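**Student:** Below is the file protein-v3.txt, with compact mmCIF, C-alpha atoms.
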```txt
# COMPACT_ATOMS: atom_id res chain seq x y z
CA MET A 4 0.00 0.00 0.00
CA ARG A 5 1.40 3.37 -1.04
CA ARG A 6 1.48 6.45 1.16
CA ASP A 7 -1.08 8.33 -0.93
CA ASP A 8 -3.48 5.36 -0.84
CA ILE A 9 -3.22 5.16 2.94
CA LYS A 10 -3.61 8.93 3.27
CA ALA A 11 -6.77 8.89 1.16
CA MET A 12 -8.24 6.05 3.25
CA VAL A 13 -7.49 7.84 6.53
CA LYS A 14 -9.07 11.03 5.18
CA SER A 15 -12.24 9.31 4.00
CA LEU A 16 -12.66 6.75 6.78
CA GLY A 17 -11.09 8.46 9.76
CA ALA A 18 -8.50 6.87 12.04
CA GLN A 19 -10.73 4.19 13.53
CA GLY A 20 -12.32 3.35 10.20
CA PHE A 21 -8.95 2.98 8.50
CA VAL A 22 -7.60 0.70 11.21
CA GLN A 23 -10.74 -1.44 11.00
CA VAL A 24 -10.49 -1.74 7.21
CA LEU A 25 -6.77 -2.56 7.44
CA GLY A 26 -7.52 -5.34 9.91
CA ASP A 27 -10.24 -6.71 7.63
CA LEU A 28 -7.89 -6.73 4.62
CA LEU A 29 -5.21 -8.56 6.59
CA GLU A 30 -7.82 -11.22 7.42
CA GLY A 31 -9.02 -11.41 3.81
CA ARG A 32 -12.48 -9.87 4.08
CA ASP A 33 -14.21 -6.56 3.33
CA GLN A 34 -16.36 -4.43 5.63
CA GLY A 35 -19.37 -6.55 4.77
CA GLY A 36 -17.61 -9.76 5.85
CA ARG A 37 -17.20 -11.08 2.30
CA GLU A 38 -13.96 -12.78 1.30
CA VAL A 39 -11.55 -10.59 -0.68
CA ARG A 40 -7.91 -10.80 -1.68
CA LYS A 41 -5.85 -10.96 1.48
CA ILE A 42 -2.97 -8.52 1.90
CA ARG A 43 0.26 -9.37 3.70
CA PRO A 44 1.70 -7.23 6.50
CA GLU A 45 4.89 -6.92 4.41
CA GLN A 46 2.89 -4.97 1.80
CA VAL A 47 2.43 -2.07 4.21
CA SER A 48 5.45 0.18 4.82
CA ILE A 49 5.77 1.65 8.32
CA ARG A 50 7.29 4.82 6.83
CA ALA A 51 4.40 5.15 4.39
CA LEU A 52 2.02 4.65 7.30
CA TRP A 53 3.71 7.40 9.32
CA GLU A 54 3.80 9.88 6.47
CA ALA A 55 0.18 9.21 5.53
CA CYS A 56 -1.10 9.47 9.10
CA VAL A 57 1.23 12.09 10.58
CA GLY A 58 3.36 13.78 7.91
CA PRO A 59 6.79 13.74 6.24
CA VAL A 60 9.33 12.10 8.55
CA GLU A 61 11.77 14.98 8.08
CA GLU A 62 9.20 17.38 9.55
CA THR A 63 7.37 15.25 12.12
CA LEU A 64 9.96 12.92 13.67
CA PRO A 65 11.68 14.91 16.45
CA SER A 66 15.06 13.26 15.90
CA MET A 67 15.06 14.28 12.23
CA ARG A 68 14.58 18.01 12.83
CA ALA A 69 17.42 20.47 12.30
CA ALA A 70 19.35 21.42 15.42
CA GLY A 71 18.46 24.72 17.08
CA ARG A 72 17.60 26.52 20.28
CA PHE A 73 13.94 25.64 20.05
CA ASN A 74 14.32 22.12 18.66
CA PHE A 75 11.06 20.53 19.76
CA VAL A 76 7.91 19.43 17.96
CA ASP A 77 4.39 18.56 19.01
CA ILE A 78 2.21 16.59 16.62
CA GLN A 79 -0.75 18.78 15.77
CA GLU A 80 -4.11 17.61 17.06
CA ALA A 81 -5.60 18.12 13.60
CA VAL A 82 -3.58 15.17 12.37
CA GLU A 83 -4.92 11.66 13.01
CA THR A 84 -2.17 10.80 15.51
CA THR A 85 -3.86 7.61 16.72
CA ALA A 86 -4.03 6.06 13.26
CA PHE A 87 -0.31 5.25 12.99
CA PRO A 88 0.23 3.31 16.25
CA SER A 89 -3.14 1.61 15.87
CA ALA A 90 -2.47 0.55 12.27
CA THR A 91 1.06 -0.57 13.16
CA GLY A 92 -0.39 -2.55 16.06
CA VAL A 93 -2.71 -4.34 13.61
CA LEU A 94 0.28 -5.30 11.44
CA ILE A 95 2.29 -6.56 14.40
CA ALA A 96 -0.67 -8.48 15.85
CA SER A 97 -1.21 -10.10 12.46
CA LYS A 98 2.39 -11.35 12.31
CA VAL A 99 2.39 -12.46 15.97
CA ILE A 100 -0.83 -14.46 15.52
CA GLU A 101 0.35 -15.93 12.22
CA ALA A 102 3.56 -17.22 13.81
CA TYR A 103 1.75 -18.32 16.99
CA ASN A 104 -0.70 -20.43 14.98
CA GLN A 105 1.78 -22.08 12.62
CA PRO A 106 1.42 -25.87 12.37
CA GLY A 107 3.60 -28.37 14.19
CA TYR A 108 2.44 -27.85 17.77
CA ILE A 109 0.52 -30.58 19.61
CA GLY A 110 -0.01 -29.11 23.08
CA ASP A 111 -3.59 -27.98 22.50
CA ARG A 112 -4.60 -31.52 21.52
CA LEU A 113 -3.46 -32.82 24.91
CA VAL A 114 -5.48 -30.52 27.16
CA THR A 115 -9.00 -29.26 27.71
CA VAL A 116 -9.13 -25.46 27.87
CA MET A 117 -10.82 -24.25 31.05
CA PRO A 118 -11.62 -20.49 31.05
CA SER A 119 -10.94 -18.93 34.42
CA LYS A 120 -10.54 -15.62 36.24
CA LEU A 121 -8.50 -16.94 39.19
CA LYS A 122 -4.75 -17.47 39.44
CA SER A 123 -5.33 -20.73 41.28
CA GLU A 124 -8.50 -22.80 41.36
CA ARG A 125 -9.75 -25.72 43.42
CA ILE A 126 -11.28 -28.40 41.19
CA VAL A 127 -13.48 -30.75 43.16
CA GLY A 128 -14.04 -34.43 42.35
CA PHE A 129 -15.61 -37.34 44.23
CA THR A 130 -14.45 -40.74 45.42
CA SER A 131 -16.62 -43.48 46.85
CA LEU A 132 -19.62 -41.93 45.15
CA GLU A 133 -22.41 -44.47 45.14
CA GLY A 134 -24.29 -45.05 41.90
CA PRO A 135 -28.06 -45.28 41.35
CA LYS A 136 -30.03 -48.07 42.99
CA GLU A 137 -33.38 -49.65 42.25
CA VAL A 138 -36.27 -47.79 43.92
CA PRO A 139 -39.40 -49.86 44.72
CA GLU A 140 -42.75 -48.25 44.03
CA GLY A 141 -43.73 -45.74 46.69
CA MET A 142 -40.35 -45.94 48.45
CA PRO A 143 -37.92 -43.02 48.88
CA TYR A 144 -34.67 -42.72 46.99
CA GLU A 145 -31.55 -43.52 48.98
CA GLU A 146 -29.14 -40.70 49.59
CA SER A 147 -25.67 -41.02 48.11
CA SER A 148 -22.71 -40.40 50.39
CA PHE A 149 -19.29 -39.42 49.17
CA ALA A 150 -15.87 -38.44 50.36
CA GLU A 151 -14.66 -35.25 48.75
CA LYS A 152 -11.33 -34.87 47.02
CA TYR A 153 -9.92 -32.03 44.99
CA VAL A 154 -6.89 -30.81 43.08
CA THR A 155 -5.56 -27.27 42.83
CA THR A 156 -4.28 -25.45 39.75
CA ASP A 157 -1.57 -22.85 39.26
CA THR A 158 -1.00 -20.30 36.48
CA ALA A 159 1.57 -17.74 35.38
CA LYS A 160 1.45 -14.52 33.37
CA LYS A 161 4.08 -14.33 30.64
CA GLY A 162 4.84 -11.78 27.94
CA ARG A 163 7.28 -9.49 26.18
CA ILE A 164 7.43 -5.94 24.76
CA LEU A 165 8.29 -4.99 21.18
CA GLU A 166 9.39 -1.39 20.50
CA LEU A 167 9.25 0.70 17.32
CA THR A 168 11.83 3.51 17.21
CA GLU A 169 12.06 6.69 15.17
CA GLU A 170 15.08 5.27 13.35
CA ALA A 171 13.07 2.24 12.25
CA ILE A 172 10.44 4.50 10.72
CA PHE A 173 12.92 6.82 9.00
CA GLN A 174 14.90 3.90 7.55
CA ASP A 175 11.65 2.07 6.75
CA GLN A 176 12.68 -1.14 8.52
CA THR A 177 9.29 -2.75 7.92
CA GLY A 178 10.73 -6.18 7.21
CA GLN A 179 12.86 -6.20 10.34
CA MET A 180 9.97 -5.05 12.54
CA LEU A 181 7.65 -7.74 11.18
CA LEU A 182 10.38 -10.37 11.50
CA ARG A 183 10.77 -9.49 15.19
CA ALA A 184 7.00 -9.65 15.65
CA SER A 185 6.94 -13.07 13.97
CA ARG A 186 9.76 -14.36 16.17
CA LEU A 187 7.98 -13.07 19.26
CA GLY A 188 4.80 -14.92 18.29
CA GLU A 189 6.78 -18.07 17.56
CA MET A 190 8.69 -17.99 20.85
CA THR A 191 5.52 -17.27 22.82
CA ARG A 192 3.84 -20.34 21.34
CA LEU A 193 6.99 -22.43 21.87
CA GLU A 194 7.11 -21.44 25.53
CA ARG A 195 3.43 -22.34 26.00
CA GLU A 196 3.99 -25.64 24.19
CA GLU A 197 6.88 -26.49 26.50
CA THR A 198 4.77 -25.63 29.54
CA ILE A 199 2.04 -28.03 28.41
CA LEU A 200 4.36 -30.90 27.42
CA SER A 201 6.49 -30.63 30.56
CA GLY A 202 3.27 -30.92 32.57
CA VAL A 203 1.90 -33.83 30.55
CA ILE A 204 5.05 -35.93 30.97
CA ASP A 205 5.43 -34.70 34.58
CA VAL A 206 8.93 -33.23 34.50
CA GLY A 207 8.22 -31.93 37.98
CA SER A 208 9.69 -29.31 40.29
CA GLY A 209 12.91 -31.30 40.61
CA ALA A 210 13.96 -29.60 37.37
CA VAL A 211 14.78 -25.89 37.63
CA GLY A 212 12.07 -23.72 36.11
CA TYR A 213 9.34 -26.40 36.09
CA LYS A 214 6.43 -27.19 38.41
CA ASP A 215 4.51 -30.22 39.59
CA VAL A 216 1.13 -30.18 37.87
CA TYR A 217 -0.60 -32.80 40.02
CA ARG A 218 -1.73 -31.33 43.37
CA PRO A 219 -4.27 -33.58 45.10
CA THR A 220 -5.75 -31.82 48.16
CA GLY A 221 -3.46 -28.92 47.29
CA VAL A 222 -0.18 -30.80 47.83
CA ALA A 223 2.15 -31.21 44.85
CA GLU A 224 3.31 -34.75 44.15
CA ALA A 225 4.60 -36.95 41.33
CA LEU A 226 1.89 -37.95 38.87
CA TYR A 227 3.22 -41.19 37.38
CA VAL A 228 4.01 -43.54 40.25
CA ALA A 229 3.32 -47.23 40.89
CA SER A 230 0.79 -46.45 43.64
CA ASN A 231 -1.37 -44.61 41.10
CA ASN A 232 -1.34 -47.64 38.79
CA ASN A 233 -0.32 -45.45 35.86
CA LEU A 234 3.33 -46.48 35.51
CA LEU A 235 4.22 -49.58 33.47
CA THR A 236 7.79 -50.78 32.97
CA ALA A 237 9.58 -53.18 30.61
CA THR A 238 7.36 -52.51 27.58
CA ALA A 239 9.21 -50.91 24.67
CA LEU A 240 7.05 -49.74 21.78
CA VAL A 241 7.60 -52.23 18.98
CA ASP A 242 4.23 -53.36 17.63
CA TRP A 243 0.50 -53.58 18.42
CA THR A 244 1.04 -56.10 21.21
CA ASP A 245 2.67 -53.40 23.34
CA ILE A 246 -0.44 -51.23 23.09
CA ASP A 247 -2.55 -54.28 23.92
CA GLU A 248 -0.42 -54.91 27.01
CA VAL A 249 -1.05 -51.38 28.27
CA LEU A 250 -4.79 -51.76 27.68
CA ARG A 251 -4.79 -55.04 29.58
CA TYR A 252 -2.78 -53.53 32.44
CA HIS A 253 -5.24 -50.64 32.75
CA ALA A 254 -8.26 -52.98 32.71
CA GLU A 255 -6.78 -55.18 35.45
CA ASN A 256 -5.23 -52.55 37.72
CA VAL A 257 -7.00 -49.21 37.36
CA LYS A 258 -10.24 -49.34 39.33
CA ASP A 259 -13.33 -47.18 39.68
CA ASP A 260 -15.12 -47.06 43.05
CA ARG A 261 -17.81 -44.58 42.02
CA ALA A 262 -20.49 -47.10 41.01
CA VAL A 263 -20.85 -48.78 44.40
CA ALA A 264 -19.02 -47.46 47.45
CA GLY A 265 -16.00 -49.57 48.29
CA GLU A 266 -16.40 -51.84 45.26
CA GLN A 267 -13.41 -51.80 42.93
CA ARG A 268 -14.57 -52.09 39.32
CA PRO A 269 -12.65 -51.70 36.07
CA LEU A 270 -12.67 -48.16 34.72
CA PRO A 271 -14.03 -47.83 31.16
CA TRP A 272 -11.13 -46.35 29.21
CA MET A 273 -10.49 -45.75 25.55
CA PRO A 274 -7.16 -44.03 24.85
CA ARG A 275 -7.21 -41.30 22.22
CA GLN A 276 -3.50 -40.59 21.74
CA ILE A 277 -0.08 -42.14 21.94
CA LEU A 278 2.62 -39.59 22.79
CA THR A 279 6.32 -40.11 22.04
CA ALA A 280 9.51 -38.17 21.55
CA ARG A 281 10.50 -37.36 17.99
CA ARG A 282 12.87 -40.33 17.79
CA LEU A 283 9.94 -42.73 18.26
CA ALA A 284 7.56 -40.90 15.90
CA GLY A 285 8.20 -43.29 13.03
CA THR A 286 7.65 -46.32 15.21
CA SER A 287 4.32 -45.10 16.59
CA ALA A 288 3.15 -44.10 13.09
CA ARG A 289 4.04 -47.53 11.74
CA VAL A 290 2.26 -49.34 14.56
CA LEU A 291 -0.92 -47.31 14.14
CA ASN A 292 -1.05 -46.98 10.35
CA ALA A 293 -0.11 -50.50 9.28
CA THR A 294 -2.81 -51.83 6.95
CA GLU A 295 -2.30 -55.46 7.91
CA HIS A 296 -0.60 -57.73 10.43
CA ARG A 297 1.15 -61.00 9.65
CA SER A 298 1.84 -63.73 12.17
CA VAL A 299 3.59 -67.03 11.58
CA SER A 300 2.38 -70.23 13.22
CA GLY A 301 4.32 -73.33 12.17
CA ASN A 302 4.25 -73.42 8.39
CA GLU A 303 1.29 -71.05 8.11
CA THR A 304 1.25 -67.26 7.79
CA VAL A 305 -1.93 -65.61 9.04
CA ILE A 306 -2.78 -62.17 7.58
CA THR A 307 -5.27 -59.93 9.42
CA GLN A 308 -6.13 -56.26 9.54
CA ASN A 309 -4.15 -54.14 11.97
CA PRO A 310 -5.39 -55.18 15.46
CA VAL A 311 -4.92 -51.60 16.72
CA ASN A 312 -7.96 -50.59 14.66
CA VAL A 313 -10.03 -52.98 16.78
CA ILE A 314 -8.55 -52.70 20.28
CA ALA A 315 -8.00 -48.90 20.14
CA PRO A 316 -9.94 -47.42 17.20
CA GLY A 317 -9.13 -43.85 16.26
CA LEU A 318 -5.86 -43.78 18.19
CA GLU A 319 -3.73 -40.78 17.18
CA ALA A 320 0.08 -40.71 17.13
CA LEU A 321 1.60 -37.48 18.50
CA ALA A 322 5.29 -36.64 18.78
CA SER A 323 7.36 -33.58 19.59
CA PRO A 324 11.10 -32.79 19.62
CA LEU A 325 10.45 -30.91 22.87
CA LEU A 326 10.17 -34.27 24.61
CA ASP A 327 13.71 -35.08 23.46
CA PHE A 328 14.82 -31.80 25.04
CA LEU A 329 12.85 -32.24 28.26
CA ALA A 330 14.51 -35.60 28.84
CA THR A 331 17.84 -33.79 29.22
CA VAL A 332 16.55 -31.41 31.91
CA THR A 333 18.14 -31.99 35.30
CA GLY A 334 15.73 -33.84 37.56
CA SER A 335 13.51 -35.04 34.73
CA ARG A 336 11.36 -38.08 35.43
CA TYR A 337 11.14 -38.91 31.75
CA THR A 338 13.41 -41.24 29.71
CA VAL A 339 13.32 -40.22 26.08
CA ALA A 340 14.97 -43.24 24.48
CA THR A 341 12.13 -45.71 25.07
CA GLY A 342 9.51 -43.88 27.12
CA TRP A 343 6.01 -43.31 25.73
CA PHE A 344 2.52 -42.41 26.95
CA LEU A 345 -0.91 -43.80 26.11
CA GLY A 346 -4.21 -42.35 27.20
CA ASP A 347 -7.04 -39.86 26.99
CA PHE A 348 -4.98 -36.74 27.66
CA PRO A 349 -7.75 -34.09 27.44
CA ARG A 350 -9.65 -35.91 30.20
CA GLN A 351 -6.65 -35.80 32.51
CA PHE A 352 -5.14 -32.38 31.80
CA VAL A 353 -6.69 -28.92 31.73
CA TRP A 354 -5.21 -25.67 30.48
CA GLN A 355 -6.51 -22.99 32.84
CA GLU A 356 -6.77 -19.94 30.60
CA ILE A 357 -7.13 -16.54 32.22
CA TRP A 358 -5.91 -14.54 29.21
CA PRO A 359 -5.44 -16.06 25.75
CA LEU A 360 -2.76 -14.61 23.47
CA GLN A 361 -3.18 -10.82 23.50
CA THR A 362 -1.40 -7.85 21.90
CA PHE A 363 -1.58 -4.28 23.22
CA ARG A 364 0.01 -0.96 22.38
CA SER A 365 1.14 1.59 24.94
CA ARG A 366 -0.34 5.05 25.36
CA GLN A 367 0.86 7.91 23.22
CA ASP A 368 2.46 9.64 26.23
CA ASP A 369 4.66 6.68 27.15
CA GLU A 370 7.85 7.87 28.87
CA ALA A 371 9.97 5.73 26.53
CA ALA A 372 9.01 8.05 23.66
CA PHE A 373 10.94 10.93 25.23
CA ARG A 374 13.80 9.02 26.82
CA ARG A 375 14.67 6.56 24.01
CA ASP A 376 13.01 7.87 20.82
CA VAL A 377 10.44 5.09 20.91
CA VAL A 378 7.41 5.93 18.80
CA ALA A 379 5.24 2.96 19.82
CA ARG A 380 5.48 -0.02 22.14
CA PHE A 381 3.55 -3.25 21.79
CA LYS A 382 3.03 -5.93 24.40
CA VAL A 383 2.39 -9.63 23.74
CA ARG A 384 1.18 -11.74 26.65
CA TYR A 385 -0.87 -14.67 27.90
CA TRP A 386 -1.85 -15.95 31.33
CA GLY A 387 -2.50 -19.62 31.94
CA GLY A 388 -1.20 -22.90 33.27
CA ILE A 389 -1.59 -26.67 33.05
CA ALA A 390 -2.91 -28.95 35.77
CA ALA A 391 -3.64 -32.67 36.10
CA ILE A 392 -7.13 -33.29 37.46
CA ASP A 393 -6.91 -37.09 37.42
CA GLU A 394 -4.26 -39.82 37.46
CA ARG A 395 -6.14 -42.69 35.78
CA GLN A 396 -6.57 -41.52 32.18
CA VAL A 397 -2.92 -41.69 30.99
CA ILE A 398 -0.38 -44.50 31.39
CA LYS A 399 3.33 -43.78 31.32
CA VAL A 400 5.37 -46.62 29.84
CA THR A 401 9.11 -47.07 30.35
CA ALA A 402 11.42 -49.78 29.09
```
Would you mind giving the structure from this file in structure tokens?

**Tutor:**
Amino acid sequence: MRRDDIKAMVKSLGAQGFVQVLGDLLEGRDQGGREVRKIRPEQVSIRALWEACVGPVEETLPSMRAAGRFNFVDIQEAVETTAFPSATGVLIASKVIEAYNQPGYIGDRLVTVMPSKLKSERIVGFTSLEGPKEVPEGMPYEESSFAEKYVTTDTAKKGRILELTEEAIFQDQTGQMLLRASRLGEMTRLEREETILSGVIDVGSGAVGYKDVYRPTGVAEALYVASNNNLLTATALVDWTDIDEVLRYHAENVKDDRAVAGEQRPLPWMPRQILTARRLAGTSARVLNATEHRSVSGNETVITQNPVNVIAPGLEALASPLLDFLATVTGSRYTVATGWFLGDFPRQFVWQEIWPLQTFRSRQDDEAAFRRDVVARFKVRYWGGIAAIDERQVIKVTA
């Protein structure tokens, strides 16, 4: 977009109208919501934006004025001074969101998003909850007794500031500014992804910078331990029989006492995902996507469909190189070489979301403008955290 085109749009639409139209074009729609040709943030020059909204850089940027006794400048109120930082904020937000949403991340598929307004919440569950009983005609219903249990959550606010200086405008460093915005979006998503995965595999507070995500009755403890019946050893992932072994272990050892108080019954469980480090991604894909299975018995070869499609239909293979990294963290409880996880992750883990990804710009009278020639400042942030609300939906397997 050229300076004169931007200037004409600001004049006809006003500052707010121009920013709205710019945002629509970046999303590929017009003011009526119809799809139109999408423009890229790189097509909009920050210098052209400044000169269209404020004026020639040589006359309106304080640092570009000629030296003199009265070397100061105030942007005239008649000029649409809010259009430039607002429009620039739209460009930066577009690049941040584009990088934040790029493919390759799996964290969101492992958690259930729980909107919240509290830094820490108490999520209540029930044990020994008696199920329904037959009620004879004319007789009262029996009351159900239960013993309460709960887990607590924890969150953190994280973010970063991106600054736009007078020099960047004068030199028209549009590409560099958008590259920094893209990197900021990418690193924000990467940090959130690591937070989720470190919680899912239970790196734990023994590693510097990480937290325990399982806090029954408010006390942090290890999630995958033998007493929780969610830790299985000596089962390397080789073929479908290893998945079958985990399913059998869960059916025999993980119990549900909610139907009748004190009665230990098998817990209905259908795993949705198998999670591995990147080095085991090919193995898990082969095990799940094989079209047939061949077994040899004496002189006969029996060919059947892949048993995984029957014993665990719809199972999804997920892998991330972050798991390879997390295995090297001091104090990690995870072994990357042969470790893997099987379960219904969204039923066990929640992402407590107080603020989703947000971008803001500072006020026009920000002190940084005078002290460091900063024309606009933009903040990228989110506030959330992962917590385990159960211990029976995911099995950790080591070999």

**Student:** For Ser119 (chain A), which residue out of A:Ala18, A:Thr156, A:Val397, A:Ala51 is the nearest one, using all atoms listed in the file?

**Tutor:** A:Thr156

**Student:** Point out the residue among A:Val47, A:Leu326, A:Val305, A:Leu321 with the least atom-to-atom distance to Asp175 (chain A), counting all atoms listed in the file.

**Tutor:**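 Result for the nearest residue to Asp175 (chain A): A:Val47.
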
**Student:** What lies within 8 Å of Thr177 (chain A) using all atoms listed in the file, ignoring chain neighbours under 3 positions off, as an mmCIF file with C-alpha atoms, keeping the file's coordinate frame?

**Tutor:**
```cif
data_model
loop_
_atom_site.group_PDB
_atom_site.id
_atom_site.type_symbol
_atom_site.label_atom_id
_atom_site.label_comp_id
_atom_site.auth_asym_id
_atom_site.auth_seq_id
_atom_site.Cartn_x
_atom_site.Cartn_y
_atom_site.Cartn_z
ATOM 1 C CA GLU A 45 4.890 -6.920 4.410
ATOM 2 C CA VAL A 47 2.430 -2.070 4.210
ATOM 3 C CA SER A 48 5.450 0.180 4.820
ATOM 4 C CA ILE A 49 5.770 1.650 8.320
ATOM 5 C CA ARG A 50 7.290 4.820 6.830
ATOM 6 C CA ALA A 171 13.070 2.240 12.250
ATOM 7 C CA ILE A 172 10.440 4.500 10.720
ATOM 8 C CA MET A 180 9.970 -5.050 12.540
ATOM 9 C CA LEU A 181 7.650 -7.740 11.180
#
```

**Student:** Could you list, as an MDAnalysis selection string, every residue within 9 Å of Ser185 (chain A), counting only C-alpha atoms and ignoring same-chain residues fewer than 6 positions away?

**Tutor:** chainID A and resid 95 97:103

**Student:** If you take every atom of region 382-388 of chain A that the file lists and fit an axis-aligned box around them with 6 Å extra on each side, what centre and edge lengths come out in Å to one decimal, as AutoDock Vina command-line options?

**Tutor:**
```
--center_x 0.3 --center_y -14.4 --center_z 28.5 --size_x 17.5 --size_y 29.0 --size_z 21.5
```

**Student:** Using all atoms listed in the file, find the one residue out of A:Lys41, A:Lys160, A:Arg289, A:Lys14 that sits nearest to Tyr385 (chain A).

**Tutor:**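 Using all atoms listed in the file, the shortest distance to Tyr385 (chain A) belongs to A:Lys160.
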
**Student:** Report the distance between CA of Gly178 (chain A) and CA of Gly26 (chain A) in Å, rounded to one decimal place.

**Tutor:**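 For CA of Gly178 (chain A) relative to CA of Gly26 (chain A), the distance reads 18.5 Å.
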
**Student:** Counting only C-alpha atoms, figure out which residue out of A:Thr155, A:Gln174, A:Ser89, A:Ser15 gets nearest to Pro219 (chain A).

**Tutor:** A:Thr155

**Student:** Between A:Phe173, A:Tyr108, A:Phe363, A:Phe21, which residue has the minimum interatomic distance to Glu61 (chain A), considering only C-alpha atoms?

**Tutor:**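 The closest residue to Glu61 (chain A) is A:Phe173.
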
**Student:** With a distance cut-off of 9 Å and only C-alpha atoms, select the neighbouring residues of Val290 (chain A), excluding the residue or stretch itself and same-chain residues fewer than 6 positions from it, and output the selection as number ranges by chain.

**Tutor:** A: 240-243, 309, 311

**Student:** Quick one: residues within 9 Å of Ala315 (chain A), only C-alpha atoms, excluding same-chain residues fewer than 2 positions away - as a list in words?

**Tutor:** Ile246, Asp247, Leu250, Met273, Pro274, Arg275, Pro310, Val311, Asn312, Val313, Gly317 and Leu318 of chain A

**Student:** Grab the CA of Arg374 (chain A) to CA of Thr91 (chain A) distance for me, in Å with one decimal place.

**Tutor:**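 Between these atoms lies a distance of 21.0 Å.
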
**Student:** If I put a ball of radius 12 Å at (-0.2, -1.7, 22.9) in the file's coordinates, which residues poke into it when counting all atoms listed in the file, written as a PyMOL selection string?

**Tutor:** chain A and resi 85+88-93+95-96+163-167+361-367+369+378-384

**Student:** Which value, in Å to one decimal, gives the distance between CA of Tyr213 (chain A) and CA of Ile398 (chain A)?

**Tutor:**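 Spanning CA of Tyr213 (chain A) to CA of Ile398 (chain A) is a straight-line distance of 21.1 Å.
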
**Student:** With only C-alpha atoms as the atoms that count, which of A:Ile199, A:Cys56, A:Ile42, A:Val13 lies nearest to Thr115 (chain A)?

**Tutor:**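 Using only C-alpha atoms, Thr115 (chain A) sits closest to A:Ile199.
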